[in-house]
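Student: One file: model13.csv (CSV, C-alpha atoms and all ligand atoms).
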chain,number,residue,atom,x,y,z
A,440,MET,CA,-9.3,1.2,16.9
A,441,THR,CA,-8.8,3.3,13.9
A,442,ASP,CA,-10.3,6.8,13.9
A,443,ALA,CA,-12.4,6.4,10.8
A,444,THR,CA,-12.1,10.0,9.7
A,445,THR,CA,-8.4,10.2,9.5
A,446,PRO,CA,-6.7,8.0,7.0
A,447,SER,CA,-3.1,9.0,6.2
A,448,ALA,CA,-1.3,8.1,3.1
A,449,LEU,CA,2.3,7.9,2.0
A,450,PRO,CA,3.1,9.5,-1.4
A,451,GLN,CA,2.7,7.0,-4.2
A,452,GLY,CA,5.7,7.3,-6.4
A,453,GLY,CA,6.8,10.5,-4.7
A,454,ASN,CA,3.6,12.4,-5.2
A,455,MET,CA,1.4,13.8,-2.5
A,456,THR,CA,-2.1,12.7,-1.8
A,457,ASP,CA,-4.7,15.1,-0.8
A,458,GLN,CA,-6.1,13.3,2.1
A,459,THR,CA,-6.5,14.7,5.6
A,460,VAL,CA,-4.4,12.8,8.0
A,461,ARG,CA,-3.3,12.2,11.6
A,462,ALA,CA,0.2,12.4,12.8
A,463,PRO,CA,1.6,8.9,12.4
A,464,GLN,CA,4.2,9.3,15.1
A,465,THR,CA,1.6,8.7,17.8
A,466,VAL,CA,1.3,5.0,18.5
A,467,SER,CA,-1.9,4.9,20.6
A,468,ARG,CA,-1.8,1.2,21.5
A,469,THR,CA,0.9,-0.8,23.1
A,470,PRO,CA,2.7,-3.0,20.5
A,471,LYS,CA,3.5,-6.5,21.6
A,472,ALA,CA,7.1,-6.6,22.9
A,473,ARG,CA,9.2,-9.1,21.0
A,474,ASN,CA,10.6,-11.8,23.3
A,475,GLU,CA,14.2,-12.6,22.9
A,476,GLY,CA,14.7,-15.8,21.0
A,477,GLU,CA,11.0,-16.0,19.9
A,478,GLU,CA,10.8,-18.5,17.1
A,479,ALA,CA,10.1,-17.0,13.6
A,480,TYR,CA,7.2,-18.5,11.8
A,481,LEU,CA,8.1,-16.6,8.6
A,482,GLU,CA,11.8,-16.3,7.8
A,483,VAL,CA,12.9,-14.5,4.6
A,484,THR,CA,16.6,-14.6,4.0
A,485,ASP,CA,18.5,-12.7,1.2
A,486,LEU,CA,15.5,-12.8,-1.1
A,487,HIS,CA,16.0,-11.7,-4.7
A,488,VAL,CA,13.2,-11.5,-7.2
A,489,GLN,CA,14.0,-10.5,-10.8
A,490,PHE,CA,12.0,-10.2,-13.9
A,491,PRO,CA,13.8,-10.7,-17.2
A,492,THR,CA,12.4,-8.2,-19.7
A,493,ALA,CA,13.3,-7.0,-23.2
A,494,ASP,CA,15.0,-4.0,-21.5
A,495,GLY,CA,17.0,-6.0,-19.0
A,496,LYS,CA,16.5,-7.5,-15.6
A,497,VAL,CA,14.0,-5.7,-13.3
A,498,GLN,CA,15.5,-6.2,-9.9
A,499,ALA,CA,12.3,-5.9,-7.9
A,500,VAL,CA,13.6,-7.3,-4.6
A,501,GLN,CA,17.4,-7.2,-3.9
A,502,GLY,CA,18.4,-9.2,-0.9
A,503,LEU,CA,15.5,-8.8,1.5
A,504,SER,CA,15.7,-10.4,4.9
A,505,TYR,CA,13.2,-10.3,7.8
A,506,SER,CA,11.5,-12.7,10.2
A,507,LEU,CA,8.1,-12.7,11.9
A,508,PRO,CA,6.9,-14.9,14.8
A,509,LEU,CA,3.3,-16.0,15.3
A,510,ARG,CA,0.9,-13.5,16.9
A,511,ARG,CA,2.8,-10.5,15.5
A,512,THR,CA,1.9,-8.0,12.8
A,513,LEU,CA,4.6,-6.6,10.5
A,514,ALA,CA,3.7,-3.6,8.4
A,515,ILE,CA,5.6,-3.2,5.2
A,516,VAL,CA,5.7,0.4,3.9
A,517,GLY,CA,7.3,2.3,1.1
A,518,GLU,CA,6.4,4.2,-2.0
A,519,SER,CA,4.7,2.5,-4.9
A,520,GLY,CA,7.1,0.2,-6.8
A,521,SER,CA,9.4,-0.5,-3.8
A,522,GLY,CA,8.8,-4.3,-4.0
A,523,LYS,CA,6.2,-4.8,-1.2
A,524,SER,CA,3.8,-6.8,-3.3
A,525,VAL,CA,6.5,-8.7,-5.3
A,526,SER,CA,8.3,-9.8,-2.1
A,527,SER,CA,5.0,-10.9,-0.5
A,528,MET,CA,3.8,-12.8,-3.5
A,529,ALA,CA,7.1,-14.7,-3.4
A,530,VAL,CA,6.3,-15.8,0.1
A,531,LEU,CA,3.2,-17.6,-1.2
A,532,GLY,CA,4.9,-18.8,-4.4
A,533,LEU,CA,2.5,-16.8,-6.5
A,534,HIS,CA,4.9,-15.7,-9.2
A,535,ASP,CA,4.8,-17.1,-12.7
A,536,ARG,CA,8.0,-19.2,-12.5
A,537,LYS,CA,8.6,-19.0,-16.3
A,538,ASN,CA,9.1,-15.2,-16.1
A,539,THR,CA,10.5,-14.8,-12.6
A,540,TRP,CA,13.9,-15.5,-11.1
A,541,ILE,CA,13.9,-16.0,-7.4
A,542,SER,CA,16.8,-16.8,-5.1
A,543,GLY,CA,17.3,-16.8,-1.4
A,544,SER,CA,15.2,-18.6,1.2
A,545,ILE,CA,11.7,-18.2,2.4
A,546,LYS,CA,10.8,-20.5,5.3
A,547,VAL,CA,7.2,-20.7,6.6
A,548,GLY,CA,6.8,-22.9,9.7
A,549,GLY,CA,10.2,-24.3,9.0
A,550,ARG,CA,9.3,-25.4,5.4
A,551,GLU,CA,11.3,-23.9,2.4
A,552,VAL,CA,8.9,-22.2,-0.1
A,553,VAL,CA,11.5,-21.3,-2.7
A,554,GLY,CA,11.7,-24.3,-5.1
A,555,MET,CA,8.4,-25.9,-4.0
A,556,THR,CA,6.6,-27.7,-6.8
A,557,GLU,CA,3.2,-26.4,-8.0
A,558,LYS,CA,1.6,-29.3,-6.1
A,559,GLU,CA,3.4,-28.5,-2.9
A,560,LEU,CA,2.4,-24.9,-3.2
A,561,MET,CA,-1.2,-25.8,-3.7
A,562,SER,CA,-1.3,-27.6,-0.4
A,563,PHE,CA,0.8,-25.0,1.3
A,564,ARG,CA,-1.4,-22.1,0.2
A,565,GLY,CA,-4.6,-21.8,2.1
A,566,ALA,CA,-3.6,-24.3,4.8
A,567,GLU,CA,-0.5,-22.6,6.1
A,568,ALA,CA,-0.5,-19.2,4.4
A,569,ALA,CA,-3.1,-17.0,2.7
A,570,MET,CA,-3.2,-13.6,1.1
A,571,ILE,CA,-5.8,-10.9,0.9
A,572,PHE,CA,-5.5,-8.5,-2.0
A,573,GLN,CA,-6.6,-4.9,-2.4
A,574,ASP,CA,-9.0,-5.9,-5.1
A,575,PRO,CA,-11.4,-8.8,-4.1
A,576,GLN,CA,-12.2,-9.3,-7.8
A,577,SER,CA,-8.7,-10.8,-8.2
A,578,SER,CA,-9.7,-13.6,-5.7
A,579,LEU,CA,-13.4,-14.0,-6.2
A,580,HIS,CA,-14.7,-15.6,-9.4
A,581,PRO,CA,-17.8,-13.7,-10.7
A,582,TYR,CA,-19.5,-16.9,-12.0
A,583,PHE,CA,-19.6,-18.8,-8.7
A,584,THR,CA,-21.5,-18.1,-5.5
A,585,ILE,CA,-19.5,-16.8,-2.6
A,586,GLY,CA,-20.3,-20.0,-0.6
A,587,SER,CA,-19.2,-22.4,-3.3
A,588,GLN,CA,-15.8,-20.6,-3.5
A,589,ILE,CA,-15.3,-20.8,0.2
A,590,THR,CA,-16.4,-24.4,0.4
A,591,GLU,CA,-14.1,-25.3,-2.5
A,592,SER,CA,-11.1,-23.8,-0.7
A,593,TYR,CA,-12.1,-25.6,2.5
A,594,ARG,CA,-12.6,-29.0,0.8
A,595,ALA,CA,-9.3,-28.7,-1.0
A,596,HIS,CA,-7.6,-29.0,2.4
A,597,ASN,CA,-10.1,-31.0,4.4
A,598,ASN,CA,-11.8,-34.3,3.6
A,599,VAL,CA,-15.4,-33.3,4.4
A,600,SER,CA,-18.7,-33.4,2.7
A,601,LYS,CA,-20.2,-30.5,0.8
A,602,ARG,CA,-22.8,-30.0,3.6
A,603,VAL,CA,-20.1,-29.8,6.3
A,604,ALA,CA,-18.1,-27.4,4.2
A,605,LYS,CA,-21.1,-25.2,3.5
A,606,LYS,CA,-21.7,-25.0,7.3
A,607,ARG,CA,-18.1,-23.9,7.7
A,608,ALA,CA,-18.6,-21.3,4.9
A,609,ILE,CA,-21.7,-19.8,6.7
A,610,GLU,CA,-19.8,-19.8,10.0
A,611,MET,CA,-16.9,-17.9,8.4
A,612,LEU,CA,-19.1,-15.4,6.7
A,613,GLY,CA,-20.7,-14.7,10.1
A,614,ARG,CA,-17.3,-14.5,11.7
A,615,VAL,CA,-16.2,-11.7,9.3
A,616,GLY,CA,-19.4,-9.8,10.1
A,617,ILE,CA,-21.6,-10.5,7.1
A,618,PRO,CA,-25.2,-10.2,8.2
A,619,ASN,CA,-27.5,-13.1,7.5
A,620,PRO,CA,-24.7,-15.5,6.3
A,621,ALA,CA,-27.1,-18.4,5.7
A,622,ARG,CA,-28.8,-16.5,2.9
A,623,ARG,CA,-25.7,-14.6,1.7
A,624,VAL,CA,-23.7,-17.8,1.2
A,625,ASP,CA,-25.7,-18.6,-1.9
A,626,GLN,CA,-25.2,-15.1,-3.5
A,627,TYR,CA,-22.8,-14.1,-6.2
A,628,PRO,CA,-20.0,-11.6,-5.8
A,629,HIS,CA,-21.9,-8.9,-7.7
A,630,GLU,CA,-24.6,-9.1,-5.1
A,631,PHE,CA,-22.2,-8.0,-2.4
A,632,SER,CA,-21.0,-4.4,-1.8
A,633,GLY,CA,-17.3,-3.6,-2.0
A,634,GLY,CA,-16.8,-3.9,1.7
A,635,MET,CA,-18.8,-7.1,1.9
A,636,ARG,CA,-16.7,-8.6,-1.0
A,637,GLN,CA,-13.6,-7.7,0.9
A,638,ARG,CA,-15.0,-9.5,4.0
A,639,ALA,CA,-15.9,-12.5,1.9
A,640,MET,CA,-12.4,-12.6,0.5
A,641,ILE,CA,-11.1,-12.5,4.1
A,642,ALA,CA,-13.4,-15.4,5.0
A,643,MET,CA,-12.1,-17.4,2.1
A,644,ALA,CA,-8.5,-16.6,3.1
A,645,LEU,CA,-9.1,-17.7,6.7
A,646,VAL,CA,-11.3,-20.7,6.2
A,647,ASN,CA,-8.4,-23.1,6.8
A,648,ASP,CA,-7.0,-21.2,9.7
A,649,PRO,CA,-3.7,-20.2,8.1
A,650,LYS,CA,-0.9,-19.4,10.4
A,651,LEU,CA,0.4,-16.7,8.1
A,652,LEU,CA,-1.8,-14.0,6.6
A,653,ILE,CA,-0.5,-11.5,4.1
A,654,ALA,CA,-2.8,-8.5,3.6
A,655,ASP,CA,-1.7,-6.4,0.6
A,656,GLU,CA,-3.2,-2.9,0.9
A,657,PRO,CA,-6.6,-4.6,1.8
A,658,THR,CA,-8.4,-1.4,2.7
A,659,THR,CA,-7.1,1.1,0.2
A,660,ALA,CA,-10.1,0.9,-2.1
A,661,LEU,CA,-12.6,1.1,0.8
A,662,ASP,CA,-14.3,4.0,2.4
A,663,VAL,CA,-12.9,5.0,5.7
A,664,THR,CA,-15.6,3.4,7.9
A,665,VAL,CA,-15.4,0.1,6.2
A,666,GLN,CA,-11.6,0.4,6.3
A,667,ALA,CA,-11.7,0.8,10.1
A,668,GLN,CA,-14.0,-2.3,10.4
A,669,ILE,CA,-11.8,-4.4,8.2
A,670,LEU,CA,-8.7,-3.5,10.3
A,671,ASP,CA,-10.6,-4.4,13.5
A,672,LEU,CA,-11.6,-7.6,11.9
A,673,ILE,CA,-8.0,-8.6,10.9
A,674,ALA,CA,-6.8,-7.7,14.4
A,675,ASP,CA,-9.6,-9.9,16.0
A,676,LEU,CA,-8.9,-12.8,13.7
A,677,GLN,CA,-5.2,-12.6,14.4
A,678,ARG,CA,-5.9,-12.7,18.1
A,679,ASP,CA,-8.3,-15.7,17.7
A,680,PHE,CA,-6.2,-17.7,15.4
A,681,GLY,CA,-2.7,-16.6,16.7
A,682,SER,CA,-1.5,-16.0,13.2
A,683,ALA,CA,1.5,-14.0,12.0
A,684,VAL,CA,0.3,-11.1,9.8
A,685,VAL,CA,2.1,-9.1,7.2
A,686,PHE,CA,0.2,-6.0,6.4
A,687,ILE,CA,1.3,-4.0,3.4
A,688,THR,CA,0.2,-0.4,3.4
A,689,HIS,CA,1.1,3.1,2.4
A,690,ASP,CA,-0.9,4.5,5.3
A,691,LEU,CA,1.2,5.3,8.3
A,692,GLY,CA,-1.9,6.0,10.4
A,693,VAL,CA,-2.9,2.3,9.8
A,694,VAL,CA,0.6,1.2,10.7
A,695,ALA,CA,0.4,3.0,14.1
A,696,GLU,CA,-2.9,1.3,14.7
A,697,ILE,CA,-2.2,-2.3,13.9
A,698,ALA,CA,1.6,-3.1,13.6
A,699,ASP,CA,4.0,-4.4,16.1
A,700,ASP,CA,7.0,-4.0,13.7
A,701,ILE,CA,7.7,-2.0,10.6
A,702,LEU,CA,9.8,-2.7,7.6
A,703,VAL,CA,10.5,0.3,5.4
A,704,MET,CA,11.3,-0.7,1.8
A,705,TYR,CA,13.0,1.4,-0.8
A,706,ALA,CA,13.8,0.2,-4.4
A,707,GLY,CA,13.7,-3.5,-3.5
A,708,ASN,CA,15.6,-3.2,-0.3
A,709,ALA,CA,14.8,-3.0,3.4
A,710,VAL,CA,16.1,0.3,4.6
A,711,GLU,CA,14.7,0.3,8.2
A,712,HIS,CA,13.2,-2.4,10.4
A,713,GLY,CA,12.1,-2.6,14.0
A,714,PRO,CA,9.4,-2.1,16.6
A,715,VAL,CA,6.7,0.3,15.5
A,716,ASP,CA,6.9,2.7,18.5
A,717,LYS,CA,10.7,3.0,18.0
A,718,ILE,CA,10.6,3.6,14.3
A,719,LEU,CA,7.7,6.1,14.3
A,720,GLY,CA,9.2,7.7,17.4
A,721,THR,CA,12.8,8.1,16.3
A,722,PRO,CA,13.2,6.9,12.7
A,723,LEU,CA,16.9,6.5,11.8
A,724,HIS,CA,16.8,6.5,8.0
A,725,PRO,CA,16.6,9.6,5.8
A,726,TYR,CA,14.0,7.9,3.6
A,727,THR,CA,11.7,7.2,6.6
A,728,TRP,CA,12.2,10.9,7.5
A,729,GLY,CA,11.2,11.8,4.0
A,730,LEU,CA,8.0,9.7,4.2
A,731,LEU,CA,7.0,11.3,7.5
A,732,GLU,CA,7.7,14.8,6.2
A,733,SER,CA,5.7,14.3,3.1
A,734,ILE,CA,2.5,13.4,4.9
A,735,PRO,CA,0.0,16.1,5.4
A,736,ALA,CA,-0.3,17.5,8.9
A,737,VAL,CA,-2.6,16.6,11.7
A,738,SER,CA,-6.1,17.7,10.8
A,739,GLY,CA,-6.7,21.4,11.4
A,740,THR,CA,-3.1,22.4,11.8
A,741,PRO,CA,-1.6,22.2,8.3
A,742,GLY,CA,2.1,22.8,8.2
A,743,PRO,CA,4.6,23.0,5.3
A,744,LEU,CA,4.9,19.7,3.4
A,745,HIS,CA,8.2,18.4,2.1
A,746,PRO,CA,7.6,15.8,-0.6
A,747,ILE,CA,10.7,13.7,-1.1
A,748,PRO,CA,12.5,15.3,-4.1
A,749,GLY,CA,12.9,13.2,-7.2
A,750,SER,CA,11.5,9.8,-7.7
A,751,PRO,CA,12.5,6.2,-7.0
A,752,PRO,CA,15.3,4.8,-9.3
A,753,SER,CA,14.8,2.5,-12.2
A,754,LEU,CA,15.0,-1.1,-11.1
A,755,LEU,CA,16.8,-1.8,-14.4
A,756,ALA,CA,19.7,0.4,-13.5
A,757,MET,CA,20.2,0.9,-9.8
A,758,PRO,CA,22.3,3.8,-8.5
A,759,SER,CA,25.7,2.9,-7.1
A,760,GLY,CA,26.2,2.9,-3.3
A,761,CYS,CA,23.2,3.8,-1.3
A,762,ALA,CA,20.1,3.5,-3.6
A,763,PHE,CA,18.6,6.5,-2.0
A,764,HIS,CA,21.6,8.8,-2.5
A,765,PRO,CA,20.3,10.7,-5.5
A,766,ARG,CA,17.4,11.9,-3.4
A,767,CYS,CA,19.1,12.2,0.0
A,768,GLU,CA,19.7,15.7,1.4
A,769,PHE,CA,22.1,14.2,4.0
A,770,ARG,CA,24.6,12.5,1.7
A,771,GLU,CA,27.1,15.3,1.9
A,772,ARG,CA,27.3,14.7,5.7
A,773,VAL,CA,29.0,11.4,5.1
A,774,GLY,CA,32.7,11.7,4.3
A,775,GLY,CA,34.6,10.0,1.5
A,776,ASP,CA,31.8,10.0,-1.0
A,777,LEU,CA,30.7,6.8,0.7
A,778,CYS,CA,27.0,7.3,0.0
A,779,ARG,CA,27.7,7.2,-3.8
A,780,THR,CA,30.2,4.4,-3.7
A,781,LEU,CA,29.3,1.9,-1.0
A,782,LYS,CA,26.0,0.3,-0.3
A,783,PRO,CA,25.3,0.5,3.5
A,784,GLU,CA,24.5,-2.7,5.4
A,785,LEU,CA,21.2,-3.1,7.2
A,786,ILE,CA,22.6,-3.1,10.8
A,787,SER,CA,22.0,-1.6,14.3
A,788,ARG,CA,22.9,2.0,14.4
A,789,THR,CA,22.1,2.9,18.0
A,790,ALA,CA,22.2,1.2,21.3
A,791,ASP,CA,18.5,0.2,20.7
A,792,GLN,CA,18.4,-3.5,20.3
A,793,GLY,CA,16.1,-5.2,17.7
A,794,ARG,CA,16.1,-2.4,15.1
A,795,THR,CA,18.2,-1.9,12.1
A,796,SER,CA,18.7,0.7,9.3
A,797,ARG,CA,20.7,0.9,6.1
A,798,CYS,CA,22.5,4.3,6.2
A,799,HIS,CA,26.1,5.6,6.6
A,800,LEU,CA,25.1,8.6,8.6
A,801,LYS,CA,26.7,8.9,12.1
A,802,GLU,CA,24.4,9.4,15.1
A,803,PRO,CA,21.2,9.4,13.0
A,804,ASP,CA,19.0,9.6,16.2
A,805,LYS,CA,20.6,13.0,17.0
A,806,VAL,CA,20.2,14.3,13.4
A,807,PHE,CA,16.5,13.3,13.6
A,808,GLU,CA,15.9,14.9,16.9
A,809,THR,CA,17.7,18.2,16.2
A,810,GLU,CA,17.0,18.7,12.5
A,811,VAL,CA,14.1,16.6,11.2
A,812,LEU,CA,11.7,16.4,14.1
A,813,PRO,CA,11.3,20.2,14.4
A,814,ARG,CA,10.2,20.5,10.8
A,815,LEU,CA,7.8,17.5,10.8
A,816,PRO,CA,4.2,18.5,9.9
B,901,LIG,N1,5.9,-9.3,-13.8
B,901,LIG,C1,6.7,-8.2,-13.7
B,901,LIG,N2,7.6,-7.9,-14.7
B,901,LIG,C2,8.4,-6.8,-14.7
B,901,LIG,N3,8.4,-6.0,-13.6
B,901,LIG,C3,7.5,-6.2,-12.6
B,901,LIG,C4,6.6,-7.3,-12.6
B,901,LIG,N4,5.9,-7.3,-11.4
B,901,LIG,C5,6.3,-6.2,-10.8
B,901,LIG,N5,7.3,-5.6,-11.4
B,901,LIG,C6,8.0,-4.3,-11.0
B,901,LIG,O1,8.6,-4.6,-9.7
B,901,LIG,C7,8.6,-3.4,-9.0
B,901,LIG,C8,8.0,-3.7,-7.6
B,901,LIG,O2,6.6,-3.9,-7.7
B,901,LIG,P1,5.7,-4.1,-6.5
B,901,LIG,O3,6.2,-5.1,-5.5
B,901,LIG,O4,4.3,-4.4,-7.1
B,901,LIG,O5,5.6,-2.6,-5.8
B,901,LIG,P2,4.8,-2.2,-4.5
B,901,LIG,O6,5.8,-1.8,-3.5
B,901,LIG,O7,4.1,-0.9,-5.0
B,901,LIG,O8,3.9,-3.3,-4.1
B,901,LIG,C9,7.8,-2.4,-9.8
B,901,LIG,O9,8.8,-1.5,-10.4
B,901,LIG,C10,7.1,-3.2,-10.8
B,901,LIG,O10,6.9,-2.5,-11.9
B,902,LIG,S1,23.7,6.3,3.2
B,902,LIG,FE1,24.0,8.4,2.7
B,902,LIG,S2,22.6,8.7,0.9
B,902,LIG,FE2,21.9,6.8,1.9
B,902,LIG,S3,20.3,7.5,3.2
B,902,LIG,FE3,22.2,7.5,4.4
B,902,LIG,S4,23.0,9.6,4.3
B,902,LIG,FE4,21.5,9.3,2.7
B,903,MG,MG,1.8,-3.4,-4.2
Show me, as structure tokens, the structure contained in the file I just sent.
Tutor:
Amino acid sequence: MTDATTPSALPQGGNMTDQTVRAPQTVSRTPKARNEGEEAYLEVTDLHVQFPTADGKVQAVQGLSYSLPLRRTLAIVGESGSGKSVSSMAVLGLHDRKNTWISGSIKVGGREVVGMTEKELMSFRGAEAAMIFQDPQSSLHPYFTIGSQITESYRAHNNVSKRVAKKRAIEMLGRVGIPNPARRVDQYPHEFSGGMRQRAMIAMALVNDPKLLIADEPTTALDVTVQAQILDLIADLQRDFGSAVVFITHDLGVVAEIADDILVMYAGNAVEHGPVDKILGTPLHPYTWGLLESIPAVSGTPGPLHPIPGSPPSLLAMPSGCAFHPRCEFRERVGGDLCRTLKPELISRTADQGRTSRCHLKEPDKVFETEVLPRLP
């Protein structure tokens, strides 16, 4: 699994990180091939999420579509503020409905989530879908024991006694690798280390065997050894429970390790989507190229770094045409000022089936191979 010494990070908001990293293009495992006609468990269609503010509408997600079958892991990547968390929270109906406008469709196991009542959402969350956050504090209440929080979540969906639920909590804590779970179950969150709290949160998220697990940068705050263990754990649990997993990360090293598919997001839009080996092998979108170029080199052989110039656009006033055009060095290659005037569709650009990108550039695979690949770190 993950080489614990080599995390790699995408720039957050266009800035470099100073971490030592591994070349993300190398997918060391064999991603699961997607079978033609495989039924989607999660299906997001033309999702828009907007926040009305005093300055205007923040268009955080602007027409996002993707699907994910059971037993597959989708990594969502992109700079900070690209809409990864906002779109994923919408899947679980976690937005404050008074201050959020949501349109489009989100189907989980065939059920429409957009428009569910609070009561429907309560029974849907936990049982069918669960989320793990970067910060366990946001899910674990400091005043209650770890065990009582897991049993409460279990009993909300199962008509069982407290004793049976506690047995289940101990089993889950053991399952996520917490030593001595029968004793640990009665402890409070502050008695757990950061890594252990993260595991406890995963135990709570998985106590009802959700078929969809969304992990939002779950390892970012952890040291690299614990990070590697948590990734292993999520992969094991996915195998055991057969769940669909959405993994949000800015770490392309992690993507290569765990994902079957990648969705690259830029300014509230999907700009590239497809199988991990194809997209890390021959990415087709200039933004994905920029992400790869702005990552520090393989340990020991540092090369020149090319941070993406500029910063992501304001979501209050999106650029015309392609949202990436103000930062794109290839926009002059496209005739007719198209990049500035016409928003590209997310469509197939090569003979490769099952992958899409949102760019007007002709023969992007050739441009990548002849111009971008030679200068990658
Ligand atoms: N409640 C909110 N009100 C206004 N803007 C928001 C709100 N929540 C998120 N945003 C904005 O939406 C954009 C996308 O955020 P987010 O999905 O959290 O980004 P990330 O890709 O880093 O997870 C950001 O510009 C963020 O500031
Ligand atoms: S559409 Fe034009 S501006 Fe946008 S990524 Fe492609 S080449 Fe660059
Ligand atoms: Mg986020």
Student: What residues have any atom no more than 12 Å from ligand MG 903 (chain B) when counting only C-alpha atoms and all ligand atoms, and can you list them as a ChimeraX atom specification?
Tutor: /A:451-452,499,515-528,571-574,653-657,659,686-689,704,707
Student: Filtering to C-alpha atoms, could you give me those residues as a short mmCIF file (atom, residue, chain, number, x, y, z; two decimals), in the frame of the given file?
Tutor:
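Done, and the output landed in part03.cif:
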data_model
loop_
_atom_site.label_atom_id
_atom_site.label_comp_id
_atom_site.auth_asym_id
_atom_site.auth_seq_id
_atom_site.Cartn_x
_atom_site.Cartn_y
_atom_site.Cartn_z
CA GLN A 451 2.70 7.00 -4.20
CA GLY A 452 5.70 7.30 -6.40
CA ALA A 499 12.30 -5.90 -7.90
CA ILE A 515 5.60 -3.20 5.20
CA VAL A 516 5.70 0.40 3.90
CA GLY A 517 7.30 2.30 1.10
CA GLU A 518 6.40 4.20 -2.00
CA SER A 519 4.70 2.50 -4.90
CA GLY A 520 7.10 0.20 -6.80
CA SER A 521 9.40 -0.50 -3.80
CA GLY A 522 8.80 -4.30 -4.00
CA LYS A 523 6.20 -4.80 -1.20
CA SER A 524 3.80 -6.80 -3.30
CA VAL A 525 6.50 -8.70 -5.30
CA SER A 526 8.30 -9.80 -2.10
CA SER A 527 5.00 -10.90 -0.50
CA MET A 528 3.80 -12.80 -3.50
CA ILE A 571 -5.80 -10.90 0.90
CA PHE A 572 -5.50 -8.50 -2.00
CA GLN A 573 -6.60 -4.90 -2.40
CA ASP A 574 -9.00 -5.90 -5.10
CA ILE A 653 -0.50 -11.50 4.10
CA ALA A 654 -2.80 -8.50 3.60
CA ASP A 655 -1.70 -6.40 0.60
CA GLU A 656 -3.20 -2.90 0.90
CA PRO A 657 -6.60 -4.60 1.80
CA THR A 659 -7.10 1.10 0.20
CA PHE A 686 0.20 -6.00 6.40
CA ILE A 687 1.30 -4.00 3.40
CA THR A 688 0.20 -0.40 3.40
CA HIS A 689 1.10 3.10 2.40
CA MET A 704 11.30 -0.70 1.80
CA GLY A 707 13.70 -3.50 -3.50
#
Student: Taking into account all atoms listed in the file, which residue in the set A:Leu676, A:Ala644, A:Leu754, A:Ala709 is nearest to Gln489 (chain A)?
Tutor: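 With all atoms listed in the file as the atom set, the closest residue is A:Leu754.
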Student: As a list in words, please: the residues near Phe490 (chain A) (cut-off 6 Å, only C-alpha atoms, same-chain neighbours under 6 positions excluded).
Tutor: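 So, after excluding close chain neighbours, the residues are Lys496, Val497 and Thr539 of chain A.
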Student: Can you tell me, as a list in words, which residues sit within 9 Å of (5.6, -19.0, -6.9) in the file's frame, using all atoms listed in the file?
Tutor: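 Checking each residue against the 9 Å limit leaves Met528, Ala529, Val530, Leu531, Gly532, Leu533, His534, Asp535, Arg536, Thr539, Ile541, Val552, Val553, Gly554, Met555, Thr556, Glu557 and Leu560 of chain A.
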Student: Between A:Met640, A:Ala683, A:Asp675, A:Gly495, which has the minimum distance to Val547 (chain A) (counting only C-alpha atoms)?
Tutor: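 Among the listed residues, the smallest separation from Val547 (chain A) belongs to A:Ala683.
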Student: Around (8.8, -11.3, -18.8) in the file's own coordinates, what residues are found within 7 Å if you use only C-alpha atoms, given back as a PyMOL selection string?
Tutor: chain A and resi 490-492+538
Student: Neighbours of Ala568 (chain A) within 8 Å (all atoms listed in the file; same-chain residues fewer than 3 positions away dropped), as a tab-separated table (two decimals) with C-alpha atoms, in the frame of the given file?
Tutor:
chain	number	residue	atom	x	y	z
A	531	LEU	CA	3.20	-17.60	-1.20
A	563	PHE	CA	0.80	-25.00	1.30
A	564	ARG	CA	-1.40	-22.10	0.20
A	565	GLY	CA	-4.60	-21.80	2.10
A	649	PRO	CA	-3.70	-20.20	8.10
A	650	LYS	CA	-0.90	-19.40	10.40
A	651	LEU	CA	0.40	-16.70	8.10
A	652	LEU	CA	-1.80	-14.00	6.60
A	653	ILE	CA	-0.50	-11.50	4.10
Student: Report the distance between CA of Ala639 (chain A) and CA of Arg623 (chain A) in Å, rounded to one decimal place.
Tutor: 10.0 Å
Student: Give me the residues near Gln637 (chain A) as a list of chain:residue names, where near means some atom within 10 Å (using all atoms listed in the file) and where sequence neighbours in that chain fewer than 6 positions away do not count.
Tutor: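 The neighbour list is A:Ile571, A:Phe572, A:Gln573, A:Asp574, A:Pro575, A:Gln576, A:Ser578, A:Leu579, A:Val615, A:Phe631, A:Met643, A:Pro657, A:Thr658, A:Ala660, A:Leu661, A:Val665, A:Gln666, A:Ile669.
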Student: For atom C1 of ligand LIG 901 (chain B) and CA of Ser542 (chain A), determine how far apart the two atoms are, in Å to one decimal place.
Tutor: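 Distance reported for this atom pair: 15.8 Å.
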Student: Mind filling out region 489-493 of chain A with N, CA and C atoms and sending it as a PDB file, in the coordinates of the input?
Tutor:
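After the write, selection11.pdb holds the following:
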ATOM      1  N   GLN A 489      13.728 -11.211  -9.535  1.00  0.00           N
ATOM      2  CA  GLN A 489      14.000 -10.500 -10.800  1.00  0.00           C
ATOM      3  C   GLN A 489      13.102 -10.891 -11.882  1.00  0.00           C
ATOM      4  N   PHE A 490      12.777  -9.917 -12.730  1.00  0.00           N
ATOM      5  CA  PHE A 490      12.000 -10.200 -13.900  1.00  0.00           C
ATOM      6  C   PHE A 490      12.782  -9.922 -15.149  1.00  0.00           C
ATOM      7  N   PRO A 491      13.131 -10.946 -15.904  1.00  0.00           N
ATOM      8  CA  PRO A 491      13.800 -10.700 -17.200  1.00  0.00           C
ATOM      9  C   PRO A 491      12.864 -10.003 -18.149  1.00  0.00           C
ATOM     10  N   THR A 492      13.238  -8.865 -18.712  1.00  0.00           N
ATOM     11  CA  THR A 492      12.400  -8.200 -19.700  1.00  0.00           C
ATOM     12  C   THR A 492      13.241  -7.841 -20.919  1.00  0.00           C
ATOM     13  N   ALA A 493      12.586  -7.358 -21.958  1.00  0.00           N
ATOM     14  CA  ALA A 493      13.300  -7.000 -23.200  1.00  0.00           C
ATOM     15  C   ALA A 493      14.343  -5.891 -22.878  1.00  0.00           C
TER      16      ALA A 493
END
